[in-house]
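Structure data (compact mmCIF, C-alpha atoms) from work-v6.txt:
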# COMPACT_ATOMS: atom_id res chain seq x y z
CA GLY A 1408 -43.54 54.97 66.61
CA GLY A 1409 -44.89 53.78 63.29
CA ARG A 1410 -43.73 57.00 61.60
CA ARG A 1411 -40.22 56.61 63.04
CA ALA A 1412 -40.10 52.99 61.86
CA ALA A 1413 -41.22 54.05 58.38
CA GLY A 1414 -38.56 56.78 58.36
CA SER A 1415 -35.86 54.30 59.37
CA SER A 1416 -36.99 51.89 56.66
CA ALA A 1417 -36.94 54.65 54.05
CA ALA A 1418 -33.42 55.72 55.09
CA SER A 1419 -32.13 52.14 54.76
CA ALA A 1420 -33.87 51.72 51.40
CA ARG A 1421 -32.22 54.92 50.13
CA PHE A 1422 -28.88 53.61 51.35
CA VAL A 1423 -29.33 50.38 49.43
CA ARG A 1424 -30.47 52.11 46.21
CA CYS A 1425 -27.50 54.48 46.35
CA LEU A 1426 -25.15 51.52 46.76
CA TYR A 1427 -26.71 49.88 43.68
CA ALA A 1428 -25.84 53.07 41.78
CA VAL A 1429 -22.29 53.00 43.19
CA GLY A 1430 -21.85 49.42 41.99
CA PHE A 1431 -23.18 50.24 38.52
CA LEU A 1432 -20.98 53.31 38.05
CA ASP A 1433 -17.91 51.51 39.42
CA LEU A 1434 -17.94 48.68 36.90
CA PHE A 1435 -19.18 50.94 34.11
CA GLY A 1436 -16.13 53.16 34.50
CA VAL A 1437 -13.63 50.32 34.92
CA SER A 1438 -14.97 48.28 31.99
CA MET A 1439 -14.60 51.34 29.73
CA VAL A 1440 -10.85 51.42 30.32
CA VAL A 1441 -9.65 47.87 31.04
CA PRO A 1442 -10.27 46.39 27.53
CA LEU A 1443 -8.18 49.21 26.02
CA MET A 1444 -5.20 48.97 28.37
CA ASN A 1445 -3.23 46.27 26.54
CA LEU A 1446 -3.49 48.19 23.27
CA HIS A 1447 -2.37 51.39 24.98
CA ILE A 1448 0.67 49.94 26.73
CA LYS A 1449 1.79 48.30 23.48
CA SER A 1450 1.38 51.65 21.71
CA LEU A 1451 3.80 53.07 24.28
CA GLY A 1452 6.43 50.58 23.10
CA ALA A 1453 6.13 47.91 25.79
CA SER A 1454 6.80 44.29 24.87
CA HIS A 1455 4.33 41.50 25.57
CA THR A 1456 6.51 40.42 28.51
CA VAL A 1457 6.54 43.88 30.10
CA ALA A 1458 2.77 44.20 29.63
CA GLY A 1459 2.32 40.80 31.26
CA ILE A 1460 4.57 41.72 34.20
CA ILE A 1461 2.62 44.93 34.88
CA GLY A 1462 -0.65 43.01 34.70
CA SER A 1463 0.68 40.40 37.12
CA LEU A 1464 1.93 43.04 39.55
CA TYR A 1465 -1.55 44.53 39.63
CA GLY A 1466 -2.97 41.10 40.46
CA VAL A 1467 -0.41 40.57 43.22
CA MET A 1468 -1.23 43.98 44.75
CA GLN A 1469 -4.91 43.09 44.70
CA LEU A 1470 -4.14 39.73 46.30
CA PHE A 1471 -2.37 41.20 49.32
CA SER A 1472 -4.33 44.43 49.71
CA SER A 1473 -7.89 43.07 49.62
CA THR A 1474 -7.72 41.44 53.06
CA PHE A 1475 -6.02 44.46 54.65
CA VAL A 1476 -8.39 47.01 53.11
CA GLY A 1477 -11.43 44.92 54.04
CA CYS A 1478 -10.21 44.61 57.63
CA TRP A 1479 -9.37 48.32 57.69
CA SER A 1480 -12.99 49.08 56.77
CA ASP A 1481 -14.08 47.12 59.87
CA ILE A 1482 -11.86 49.32 62.03
CA VAL A 1483 -12.31 52.87 60.69
CA GLY A 1484 -15.86 52.45 59.41
CA ARG A 1485 -17.36 51.93 55.96
CA GLN A 1486 -17.80 55.62 55.15
CA TYR A 1487 -14.14 56.61 55.55
CA SER A 1488 -12.74 53.47 53.95
CA LEU A 1489 -15.15 53.54 50.99
CA LEU A 1490 -14.46 57.22 50.33
CA ALA A 1491 -10.70 56.67 50.57
CA CYS A 1492 -10.80 53.73 48.14
CA ILE A 1493 -12.97 55.60 45.64
CA LEU A 1494 -10.86 58.78 45.66
CA LEU A 1495 -7.52 56.93 45.45
CA SER A 1496 -8.87 54.79 42.61
CA ALA A 1497 -9.93 58.01 40.86
CA LEU A 1498 -6.35 59.25 41.30
CA GLY A 1499 -5.04 56.07 39.69
CA TYR A 1500 -7.28 56.42 36.63
CA PHE A 1501 -6.41 60.13 36.38
CA LEU A 1502 -2.70 59.20 36.32
CA LEU A 1503 -3.53 56.57 33.70
CA GLY A 1504 -4.96 59.35 31.56
CA THR A 1505 -1.59 61.14 31.71
CA SER A 1506 0.55 58.03 31.07
CA THR A 1507 2.68 58.81 28.05
CA THR A 1508 5.41 56.31 29.01
CA VAL A 1509 5.47 52.73 30.22
CA PHE A 1510 6.84 53.88 33.59
CA LEU A 1511 3.94 56.31 34.15
CA PHE A 1512 1.52 53.58 33.10
CA ALA A 1513 2.98 51.22 35.73
CA ILE A 1514 2.88 53.96 38.41
CA SER A 1515 -0.80 54.64 37.66
CA ARG A 1516 -1.68 51.03 38.43
CA VAL A 1517 -0.29 51.20 41.99
CA PRO A 1518 -3.13 53.16 43.72
CA VAL A 1519 -5.73 51.17 41.80
CA GLY A 1520 -4.05 47.85 42.62
CA ILE A 1521 -3.99 48.68 46.34
CA PHE A 1522 -7.28 50.51 46.83
CA LYS A 1523 -9.68 49.28 44.13
CA HIS A 1524 -11.86 47.37 46.60
CA THR A 1525 -14.91 49.61 46.42
CA LEU A 1526 -17.28 46.77 45.50
CA SER A 1527 -16.15 44.62 48.44
CA ILE A 1528 -16.65 47.45 50.94
CA SER A 1529 -20.04 48.24 49.39
CA LYS A 1530 -21.05 44.61 49.90
CA ALA A 1531 -19.86 44.76 53.51
CA LEU A 1532 -21.99 47.88 54.00
CA LEU A 1533 -25.00 46.12 52.48
CA SER A 1534 -24.40 43.23 54.87
CA ASP A 1535 -24.48 45.71 57.75
CA LEU A 1536 -27.81 47.10 56.57
CA VAL A 1537 -29.99 44.06 55.89
CA LEU A 1538 -31.25 40.95 57.63
CA GLU A 1539 -29.51 37.65 56.94
CA ARG A 1540 -32.55 36.26 55.13
CA ASP A 1541 -32.68 39.28 52.79
CA ARG A 1542 -28.93 39.39 52.14
CA PRO A 1543 -28.93 37.06 49.08
CA LEU A 1544 -31.70 39.14 47.47
CA VAL A 1545 -29.90 42.46 48.07
CA MET A 1546 -26.49 41.06 47.07
CA GLY A 1547 -28.02 39.57 43.93
CA ARG A 1548 -29.49 42.92 42.92
CA PHE A 1549 -26.20 44.68 43.67
CA ASN A 1550 -24.36 42.18 41.44
CA ALA A 1551 -27.01 42.66 38.74
CA ALA A 1552 -26.61 46.45 38.84
CA SER A 1553 -22.83 46.08 38.65
CA SER A 1554 -23.12 43.63 35.76
CA VAL A 1555 -25.21 46.10 33.76
CA GLY A 1556 -22.33 48.56 34.08
CA PHE A 1557 -19.91 45.83 32.95
CA ILE A 1558 -22.04 45.18 29.85
CA LEU A 1559 -22.42 48.85 28.83
CA GLY A 1560 -18.90 50.05 29.70
CA PRO A 1561 -16.95 48.26 26.92
CA VAL A 1562 -19.40 49.56 24.30
CA VAL A 1563 -18.87 53.19 25.37
CA GLY A 1564 -15.12 52.66 25.79
CA GLY A 1565 -14.85 51.10 22.33
CA TYR A 1566 -16.66 54.08 20.80
CA LEU A 1567 -14.43 56.60 22.59
CA ALA A 1568 -11.29 54.67 21.58
CA GLU A 1569 -12.06 55.44 17.94
CA LEU A 1570 -11.59 59.17 18.63
CA GLU A 1571 -8.22 60.90 18.57
CA GLY A 1572 -6.62 60.49 21.98
CA GLY A 1573 -9.52 58.21 22.86
CA PHE A 1574 -7.73 56.22 25.56
CA TYR A 1575 -6.76 59.35 27.48
CA GLN A 1576 -10.31 60.71 27.25
CA THR A 1577 -11.70 57.38 28.43
CA SER A 1578 -9.34 57.32 31.42
CA PHE A 1579 -10.31 60.87 32.45
CA ILE A 1580 -14.00 60.01 32.13
CA CYS A 1581 -13.43 56.92 34.30
CA ALA A 1582 -11.69 59.08 36.93
CA SER A 1583 -14.64 61.50 36.79
CA ILE A 1584 -17.08 58.63 37.31
CA PHE A 1585 -15.18 57.60 40.44
CA LEU A 1586 -15.34 61.19 41.70
CA LEU A 1587 -19.09 61.10 41.09
CA ASN A 1588 -19.25 57.89 43.11
CA GLY A 1589 -17.32 59.62 45.90
CA GLY A 1590 -19.94 62.36 45.89
CA LEU A 1591 -22.74 59.80 46.10
CA VAL A 1592 -21.11 58.09 49.07
CA TRP A 1593 -20.48 61.43 50.78
CA MET A 1594 -24.16 62.40 50.39
CA LEU A 1595 -25.50 59.10 51.71
CA PRO A 1596 -27.79 59.73 54.73
CA TRP A 1597 -25.31 58.38 57.29
CA SER A 1598 -26.58 60.41 60.26
CA GLU A 1599 -30.22 59.87 59.29
CA GLU A 1600 -29.59 56.14 59.01
CA ASN A 1601 -27.99 55.95 62.46
CA THR A 1602 -30.65 58.09 64.17
CA GLY A 1603 -33.58 56.38 62.46
CA ASN A 1604 -32.28 52.93 63.21
CA ARG A 1605 -31.71 53.67 66.92
CA GLU A 1606 -35.27 55.01 67.27
CA HIS A 1607 -36.69 52.10 65.35
CA TYR A 1608 -34.87 49.62 67.57
CA GLN A 1609 -36.53 51.17 70.59
CA ASP A 1610 -39.91 50.69 68.91
CA LYS A 1611 -38.98 47.07 68.00
CA GLY A 1612 -39.74 47.48 64.31
CA THR A 1613 -39.31 44.55 61.98
CA ASN A 1614 -38.59 46.02 58.56
CA SER A 1615 -36.09 43.89 56.63
CA PHE A 1616 -33.76 46.74 55.72
CA SER A 1617 -33.75 48.49 59.09
CA ALA A 1618 -33.98 45.66 61.62
CA LYS A 1619 -30.48 44.37 60.94
CA SER A 1620 -29.04 47.88 61.19
CA ASN A 1621 -30.98 48.49 64.42
CA HIS A 1622 -29.55 45.38 66.02
CA ASP A 1623 -25.96 46.14 65.04
CA LEU A 1624 -26.18 49.78 66.05
CA HIS A 1625 -27.75 48.89 69.43
CA LEU A 1626 -24.99 46.41 70.19
CA LYS A 1627 -22.28 48.87 69.22
CA SER A 1628 -23.82 52.14 70.39
CA ALA A 1629 -21.32 52.56 73.24
CA THR A 1630 -18.23 51.47 71.34
CA SER A 1631 -18.40 51.00 67.59
CA ARG A 1632 -19.73 54.44 66.74
CA ALA A 1633 -16.92 55.99 68.75
CA VAL A 1634 -14.41 53.69 67.07
CA THR A 1635 -15.76 54.59 63.64
CA ASN A 1636 -15.33 58.29 64.38
CA SER A 1637 -11.92 58.07 66.09
CA SER A 1638 -10.12 55.07 64.57
CA PHE A 1639 -9.54 56.89 61.29
CA PHE A 1640 -7.42 59.41 63.19
CA GLN A 1641 -5.56 56.87 65.32
CA SER A 1642 -1.89 56.10 64.88
CA PRO A 1643 -1.32 54.06 61.69
CA TRP A 1644 0.61 51.54 63.80
CA ILE A 1645 -2.43 50.98 66.02
CA GLN A 1646 -4.59 50.47 62.93
CA VAL A 1647 -2.08 48.01 61.44
CA ALA A 1648 -1.89 46.05 64.71
CA THR A 1649 -5.69 45.85 64.85
CA VAL A 1650 -5.85 44.73 61.22
CA LEU A 1651 -3.30 41.96 61.85
CA LYS A 1652 -5.20 40.81 64.94
CA LYS A 1653 -8.45 40.54 62.96
CA ILE A 1654 -6.75 38.68 60.12
CA LYS A 1655 -5.24 36.25 62.62
CA GLY A 1656 -8.75 35.64 64.01
CA ILE A 1657 -9.97 34.72 60.52
CA ALA A 1658 -6.92 32.53 59.84
CA CYS A 1659 -7.47 30.61 63.10
CA SER A 1660 -11.18 30.14 62.48
CA ASN A 1661 -13.00 27.09 61.16
CA LEU A 1662 -13.92 28.75 57.85
CA TRP A 1663 -11.19 27.01 55.85
CA ASP A 1664 -13.66 24.79 53.99
CA ILE A 1665 -15.77 27.74 52.80
CA PHE A 1666 -12.72 29.54 51.44
CA LEU A 1667 -11.45 26.31 49.86
CA VAL A 1668 -14.80 25.80 48.12
CA ARG A 1669 -14.66 29.40 46.90
CA PHE A 1670 -11.14 28.87 45.59
CA LEU A 1671 -11.97 25.62 43.77
CA MET A 1672 -15.15 26.96 42.17
CA SER A 1673 -13.42 30.21 41.16
CA VAL A 1674 -10.61 28.31 39.45
CA ALA A 1675 -13.13 25.99 37.77
CA ILE A 1676 -15.09 28.91 36.28
CA LEU A 1677 -11.90 30.71 35.25
CA LEU A 1678 -10.72 27.55 33.49
CA TYR A 1679 -14.04 27.37 31.64
CA TYR A 1680 -13.54 30.88 30.25
CA SER A 1681 -9.73 30.70 29.88
CA ASN A 1682 -9.65 29.36 26.32
CA PHE A 1683 -13.33 29.79 25.45
CA THR A 1684 -12.84 31.74 22.19
CA LEU A 1685 -9.90 29.64 20.97
CA ALA A 1686 -11.59 26.33 21.84
CA LEU A 1687 -14.79 27.26 19.98
CA GLU A 1688 -12.74 28.13 16.89
CA GLU A 1689 -10.73 24.89 17.03
CA ARG A 1690 -13.66 22.61 17.90
CA PHE A 1691 -16.50 24.10 15.82
CA GLY A 1692 -14.88 26.61 13.45
CA VAL A 1693 -16.70 29.48 15.17
CA LYS A 1694 -15.31 32.97 14.65
CA PRO A 1695 -14.20 35.08 17.65
CA LEU A 1696 -17.02 37.56 16.98
CA PHE A 1697 -19.62 34.87 17.68
CA ALA A 1698 -17.80 33.88 20.88
CA GLY A 1699 -17.91 37.53 21.95
CA TYR A 1700 -21.65 37.69 21.33
CA LEU A 1701 -22.11 34.48 23.31
CA MET A 1702 -20.18 35.87 26.29
CA SER A 1703 -22.21 39.11 26.19
CA TYR A 1704 -25.39 37.01 26.07
CA SER A 1705 -24.23 35.09 29.15
CA SER A 1706 -23.43 38.34 30.97
CA ALA A 1707 -26.92 39.65 30.26
CA LEU A 1708 -28.43 36.43 31.63
CA GLY A 1709 -26.25 36.86 34.73
CA VAL A 1710 -27.99 40.18 35.36
CA LEU A 1711 -31.37 38.44 35.12
CA ALA A 1712 -30.17 35.73 37.51
CA GLY A 1713 -29.23 38.38 40.06
CA CYS A 1714 -32.74 39.79 39.92
CA LEU A 1715 -34.28 36.32 40.35
CA LEU A 1716 -32.13 35.38 43.32
CA GLY A 1717 -34.71 36.59 45.86
CA PRO A 1718 -37.52 34.28 44.66
CA ILE A 1719 -35.07 31.39 44.33
CA ALA A 1720 -33.81 31.93 47.90
CA ARG A 1721 -37.42 31.93 49.17
CA LEU A 1722 -38.03 28.69 47.27
CA TYR A 1723 -35.11 27.17 49.21
CA GLY A 1724 -36.40 28.55 52.50
CA HIS A 1725 -33.36 30.90 52.66
CA ASN A 1726 -31.08 27.88 53.13
CA THR A 1727 -27.93 29.32 51.54
CA TYR A 1728 -25.86 26.17 52.05
CA ARG A 1729 -28.32 23.95 50.14
CA LEU A 1730 -28.68 26.53 47.36
CA LEU A 1731 -24.88 26.77 47.05
CA LEU A 1732 -24.53 22.98 46.93
CA HIS A 1733 -27.15 22.63 44.20
CA SER A 1734 -25.85 25.56 42.14
CA SER A 1735 -22.27 24.21 42.34
CA THR A 1736 -23.45 20.76 41.27
CA PHE A 1737 -25.37 22.31 38.38
CA THR A 1738 -22.28 24.31 37.39
CA CYS A 1739 -20.18 21.13 37.37
CA VAL A 1740 -22.70 19.34 35.15
CA LEU A 1741 -22.90 22.29 32.72
CA ILE A 1742 -19.11 22.56 32.37
CA LEU A 1743 -19.04 18.81 31.70
CA LEU A 1744 -21.72 19.31 29.04
CA TYR A 1745 -19.61 22.05 27.42
CA ALA A 1746 -16.44 19.91 27.53
CA SER A 1747 -18.22 17.00 25.80
CA ALA A 1748 -20.37 19.12 23.45
CA LEU A 1749 -20.74 17.74 19.93
CA SER A 1750 -22.34 20.84 18.44
CA ILE A 1751 -22.38 24.58 19.01
CA TRP A 1752 -25.99 24.34 20.19
CA MET A 1753 -24.90 22.30 23.20
CA VAL A 1754 -22.39 25.06 23.98
CA ILE A 1755 -25.14 27.70 23.77
CA LEU A 1756 -27.35 25.60 26.05
CA SER A 1757 -24.62 25.14 28.64
CA SER A 1758 -23.69 28.85 28.51
CA THR A 1759 -27.33 29.84 29.05
CA PHE A 1760 -27.79 27.92 32.28
CA LEU A 1761 -24.20 28.43 33.44
CA ALA A 1762 -24.89 32.17 33.63
CA PHE A 1763 -27.59 31.44 36.20
CA SER A 1764 -25.71 28.83 38.25
CA THR A 1765 -22.46 30.83 38.52
CA THR A 1766 -24.26 34.06 39.49
CA ILE A 1767 -26.26 32.25 42.18
CA GLY A 1768 -23.21 30.35 43.44
CA ARG A 1769 -21.07 33.51 43.63
CA THR A 1770 -23.70 35.30 45.72
CA CYS A 1771 -24.34 32.28 47.96
CA ILE A 1772 -20.68 31.73 48.84
CA ILE A 1773 -20.40 35.37 49.95
CA ASP A 1774 -23.56 35.05 52.03
CA LEU A 1775 -22.30 31.83 53.64
CA GLU A 1776 -18.97 33.48 54.50
CA LEU A 1777 -20.75 36.36 56.23
CA THR A 1778 -23.23 34.12 58.03
CA ALA A 1779 -20.58 31.70 59.25
CA GLY A 1780 -18.07 34.37 60.20
CA GLY A 1781 -20.38 36.91 61.78
CA ASN A 1782 -20.91 40.51 60.76
CA GLU A 1783 -18.41 41.96 63.24
CA ALA A 1784 -15.70 41.24 60.65
CA SER A 1785 -17.68 41.40 57.42
CA GLY A 1786 -15.11 43.62 55.69
CA THR A 1787 -12.29 41.27 56.67
CA LEU A 1788 -14.24 38.22 55.49
CA LEU A 1789 -15.02 39.78 52.12
CA GLY A 1790 -11.38 40.86 51.80
CA VAL A 1791 -10.10 37.35 52.49
CA GLY A 1792 -12.61 36.01 49.97
CA GLN A 1793 -11.29 38.45 47.36
CA SER A 1794 -7.73 37.34 48.12
CA VAL A 1795 -8.76 33.72 47.63
CA THR A 1796 -10.30 34.59 44.27
CA SER A 1797 -7.14 36.54 43.32
CA VAL A 1798 -5.04 33.44 43.99
CA GLY A 1799 -7.37 31.61 41.63
CA ARG A 1800 -6.83 34.26 38.94
CA ILE A 1801 -3.08 33.78 39.25
CA ILE A 1802 -3.17 29.98 39.18
CA ALA A 1803 -5.92 29.43 36.58
CA PRO A 1804 -3.93 30.69 33.53
CA LEU A 1805 -1.04 28.38 34.43
CA LEU A 1806 -3.32 25.35 34.81
CA SER A 1807 -5.13 26.29 31.61
CA GLY A 1808 -1.90 26.47 29.63
CA ILE A 1809 -0.81 23.04 30.86
CA ALA A 1810 -4.23 21.49 30.19
CA GLN A 1811 -4.38 22.93 26.66
CA GLU A 1812 -1.22 21.05 25.78
CA PHE A 1813 -3.32 17.89 25.86
CA SER A 1814 -6.61 19.06 24.33
CA PRO A 1815 -8.79 22.14 23.70
CA CYS A 1816 -11.18 20.47 26.15
CA GLY A 1817 -8.43 20.15 28.76
CA PRO A 1818 -9.22 23.30 30.78
CA PRO A 1819 -12.97 22.62 31.15
CA SER A 1820 -12.28 18.96 31.91
CA LEU A 1821 -9.91 20.02 34.71
CA ALA A 1822 -12.60 22.48 35.85
CA VAL A 1823 -15.07 19.60 36.24
CA GLY A 1824 -12.60 17.75 38.48
CA LEU A 1825 -12.06 20.81 40.70
CA ALA A 1826 -15.80 21.45 40.96
CA LEU A 1827 -16.34 17.83 42.01
CA VAL A 1828 -13.77 18.25 44.79
CA ALA A 1829 -15.63 21.37 45.98
CA ILE A 1830 -18.93 19.46 46.01
CA VAL A 1831 -17.36 16.61 48.01
CA ILE A 1832 -16.03 19.13 50.57
CA MET A 1833 -19.47 20.72 50.92
CA ASN A 1834 -21.12 17.33 51.42
CA ALA A 1835 -18.49 16.31 53.98
CA ASN A 1836 -19.24 19.45 56.03
CA LYS A 1837 -23.02 19.57 55.63
CA GLN A 1838 -23.64 19.00 59.35
CA LYS A 1839 -21.65 22.12 60.05
CA TYR A 1840 -24.09 24.23 58.06
CA ARG A 1841 -27.37 22.47 58.81
CA SER A 1842 -28.85 25.73 60.10
CA HIS A 1843 -27.99 28.03 57.20
CA GLY A 1844 -24.31 27.78 57.93
CA SER A 1845 -24.59 28.87 61.54
CA VAL A 1846 -20.92 28.65 62.45
CA LYS A 1847 -19.18 31.37 64.43
CA LEU A 1848 -15.55 32.35 64.43
CA LYS A 1849 -13.50 30.87 67.21
CA ASN A 1850 -12.27 33.21 69.90
CA GLN A 1851 -14.48 36.09 68.79
Full structure transcribed into structure tokens:
Amino acid sequence: GGRRAAGSSAASARFVRCLYAVGFLDLFGVSMVVPLMNLHIKSLGASHTVAGIIGSLYGVMQLFSSTFVGCWSDIVGRQYSLLACILLSALGYFLLGTSTTVFLFAISRVPVGIFKHTLSISKALLSDLVLERDRPLVMGRFNAASSVGFILGPVVGGYLAELEGGFYQTSFICASIFLLNGGLVWMLPWSEENTGNREHYQDKGTNSFSAKSNHDLHLKSATSRAVTNSSFFQSPWIQVATVLKKIKGIACSNLWDIFLVRFLMSVAILLYYSNFTLALEERFGVKPLFAGYLMSYSSALGVLAGCLLGPIARLYGHNTYRLLLHSSTFTCVLILLYASALSIWMVILSSTFLAFSTTIGRTCIIDLELTAGGNEASGTLLGVGQSVTSVGRIIAPLLSGIAQEFSPCGPPSLAVGLALVAIVIMNANKQKYRSHGSVKLKNQ
């Protein structure tokens, strides 16, 4: 029994490590290409307006597809949905590498805009694998691994862009990285994980990685495994009907306040970064290069914060709600400090601690969504959360432009107000989450 439990634990640990690698490679590949895209589309003869429209269409596709793809992963299973998203994203970046006209460039963004939800599905899979108390630690490490890829990718992409035909080479390399990710997912020990977890459940093991999987697999052994194997081959209309039913369940649930808090905090952070470089130049005479270094420094600290999330969660007794409330309050104070900064050193100080508070808050809000909504619809919940964040990305530039008409400090000042509203909402609903956010979806 002990050997079977150890084998189950090892299988789950391998799963988690492979998903860390998937997250790293995903953002590494994407961050190689994305900074070069505006330059490439302008080199093809597109105007600023056309480039903006194509960028907005990508955002709109992400907005509407994230919920559907996340829900679809609940229905057909993580393996099929994750593989499909990775391979179709690879197709999109391959087409990008052949885009010699604006039309081909726009076409290449369609599969990526619809199916580039690999990180969300990976997080849903991690949620399926681990205990609730270990979820912030594992999610924090996954975000840290992804952030390392985001830091290294632009450096490699910038170097490749200097070569002749550099953008096309970078796009093909990105597509190859996604194919490599598809291979990693395909080789994950799916059958070993299922078998080991069922045996370990019978032995009543308690390992943090395997116990959660054991419980889920035991509950679903008669139905979910069959659904995972057969739903992918069901009629598309049946799948669409099931997706819509799940989305309706989320829409009719009592999770509105969590998603509203996520929306407000997302917009607040986006407003902070919206005119960061321009505001530093206008307020302190700082060159854009220094602002770039400062943002890279903050990203590196975000990786460190992801690694420290486990000890911090233990310090809070794994009370995600309280940790989210405190991190959001700290974020609000730091943005206020930046908005009222009298010297560049105050900006550096606020950026240093903001990297920690935003990373912790981002992980905690995801954990609270999953805890409150239940893991039966984890893909749907993460998809809805991504849609909420996408709405924020659409609205934030508009609010930032209006606020900048009044002052360079307008966007961060507005961000402080939105963060305060989010904190008030969390305080007003604290009784609802007194036991680590133990709220269940209605009618589930």
Original post:
Can you tell me, as a PyMOL selection string, what residues are no more than 10 Å from region 1686-1692 of chain A when counting all atoms listed in the file, ignoring any on the same chain fewer than 3 positions away?
Top reply: chain A and resi 1680-1683+1695+1697-1698+1746+1748-1751+1754+1811+1814-1818
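Using all atoms listed in the file, the nearest neighbour of Asn1661 (chain A) within the list A:Ser1473, A:Asn1836, A:Thr1525, A:Ser1419 is A:Asn1836.
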As a VMD selection string, please: the residues near Gln1486 (chain A) (cut-off 10 Å, all atoms listed in the file, same-chain neighbours under 2 positions excluded). chain A and resid 1480 1483 to 1484 1488 to 1491 1528 to 1529 1532 1592 to 1593 1595 1597 1635 to 1636
- Please determine the residues with any atom at most 6 Å from (-8.6, 53.8, 28.1) (coordinates as given in the file, with only C-alpha atoms counting) and report them as a PyMOL selection string. chain A and resi 1440+1443-1444+1574-1575+1577-1578
Of A:Met1753, A:Leu1685, A:Leu1732, A:Val1562, the one nearest to Leu1827 (chain A) when counting all atoms listed in the file is A:Leu1732
Handout entry: CA of Ile1665 (chain A) to CA of Ser1794 (chain A), straight-line distance in Å
Key =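 About the pair CA of Ser1794 (chain A) and CA of Ile1665 (chain A): they are 13.4 Å apart.
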Give, as JSON, the centre coordinates and the x, y and z edge lengths in Å to one decimal for an axis-aligned box around all listed atoms of region 1737-1740 of chain A, padded by 4 Å on each side.
{"center_x": -22.8, "center_y": 21.8, "center_z": 36.8, "size_x": 13.2, "size_y": 13.0, "size_z": 11.2}
Quick one: residues within 12 Å of Arg1548 (chain A), only C-alpha atoms, excluding same-chain residues fewer than 2 positions away - as a ChimeraX atom specification? /A:1423-1424,1426-1428,1430-1431,1530,1533,1541-1546,1550-1555,1709-1718,1766-1767,1770
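Closest approach to Ala1762 (chain A) from the set A:Leu1805, A:His1733, A:Ser1703, A:Asp1664 is made by A:Ser1703, with distances taken over only C-alpha atoms.
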Requested in this report: Skip Phe1512 (chain A) itself and residues of its chain fewer than 2 positions away, then list as a ChimeraX atom specification all residues within 12 Å of it, counting only C-alpha atoms.
Outcome: /A:1444-1445,1447-1453,1457-1458,1461-1462,1465,1499-1510,1514-1519,1575,1578
Okay, now the selection with C-alpha atoms, as a PDB file, keeping the file's coordinate frame?
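Listing of result.pdb after writing:
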ATOM      1  CA  MET A1444      -5.200  48.970  28.370  1.00  0.00           C
ATOM      2  CA  ASN A1445      -3.230  46.270  26.540  1.00  0.00           C
ATOM      3  CA  HIS A1447      -2.370  51.390  24.980  1.00  0.00           C
ATOM      4  CA  ILE A1448       0.670  49.940  26.730  1.00  0.00           C
ATOM      5  CA  LYS A1449       1.790  48.300  23.480  1.00  0.00           C
ATOM      6  CA  SER A1450       1.380  51.650  21.710  1.00  0.00           C
ATOM      7  CA  LEU A1451       3.800  53.070  24.280  1.00  0.00           C
ATOM      8  CA  GLY A1452       6.430  50.580  23.100  1.00  0.00           C
ATOM      9  CA  ALA A1453       6.130  47.910  25.790  1.00  0.00           C
ATOM     10  CA  VAL A1457       6.540  43.880  30.100  1.00  0.00           C
ATOM     11  CA  ALA A1458       2.770  44.200  29.630  1.00  0.00           C
ATOM     12  CA  ILE A1461       2.620  44.930  34.880  1.00  0.00           C
ATOM     13  CA  GLY A1462      -0.650  43.010  34.700  1.00  0.00           C
ATOM     14  CA  TYR A1465      -1.550  44.530  39.630  1.00  0.00           C
ATOM     15  CA  GLY A1499      -5.040  56.070  39.690  1.00  0.00           C
ATOM     16  CA  TYR A1500      -7.280  56.420  36.630  1.00  0.00           C
ATOM     17  CA  PHE A1501      -6.410  60.130  36.380  1.00  0.00           C
ATOM     18  CA  LEU A1502      -2.700  59.200  36.320  1.00  0.00           C
ATOM     19  CA  LEU A1503      -3.530  56.570  33.700  1.00  0.00           C
ATOM     20  CA  GLY A1504      -4.960  59.350  31.560  1.00  0.00           C
ATOM     21  CA  THR A1505      -1.590  61.140  31.710  1.00  0.00           C
ATOM     22  CA  SER A1506       0.550  58.030  31.070  1.00  0.00           C
ATOM     23  CA  THR A1507       2.680  58.810  28.050  1.00  0.00           C
ATOM     24  CA  THR A1508       5.410  56.310  29.010  1.00  0.00           C
ATOM     25  CA  VAL A1509       5.470  52.730  30.220  1.00  0.00           C
ATOM     26  CA  PHE A1510       6.840  53.880  33.590  1.00  0.00           C
ATOM     27  CA  ILE A1514       2.880  53.960  38.410  1.00  0.00           C
ATOM     28  CA  SER A1515      -0.800  54.640  37.660  1.00  0.00           C
ATOM     29  CA  ARG A1516      -1.680  51.030  38.430  1.00  0.00           C
ATOM     30  CA  VAL A1517      -0.290  51.200  41.990  1.00  0.00           C
ATOM     31  CA  PRO A1518      -3.130  53.160  43.720  1.00  0.00           C
ATOM     32  CA  VAL A1519      -5.730  51.170  41.800  1.00  0.00           C
ATOM     33  CA  TYR A1575      -6.760  59.350  27.480  1.00  0.00           C
ATOM     34  CA  SER A1578      -9.340  57.320  31.420  1.00  0.00           C
TER      35      SER A1578
END
Q. What is the distance, in Å and to one decimal place, between CA of Val1831 (chain A) and CA of Pro1804 (chain A)?
A.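 Distance reported for this atom pair: 24.3 Å.
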With a distance cut-off of 8 Å and all atoms listed in the file, select the neighbouring residues of Ser1735 (chain A), excluding the residue or stretch itself and same-chain residues fewer than 3 positions from it, and output the selection as a list of chain:residue names.
->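 With the cut-off at 8 Å, the set is A:Met1672, A:Leu1731, A:Leu1732, A:Thr1738, A:Cys1739, A:Ser1764, A:Thr1765, A:Gly1768, A:Ala1826, A:Ile1830.
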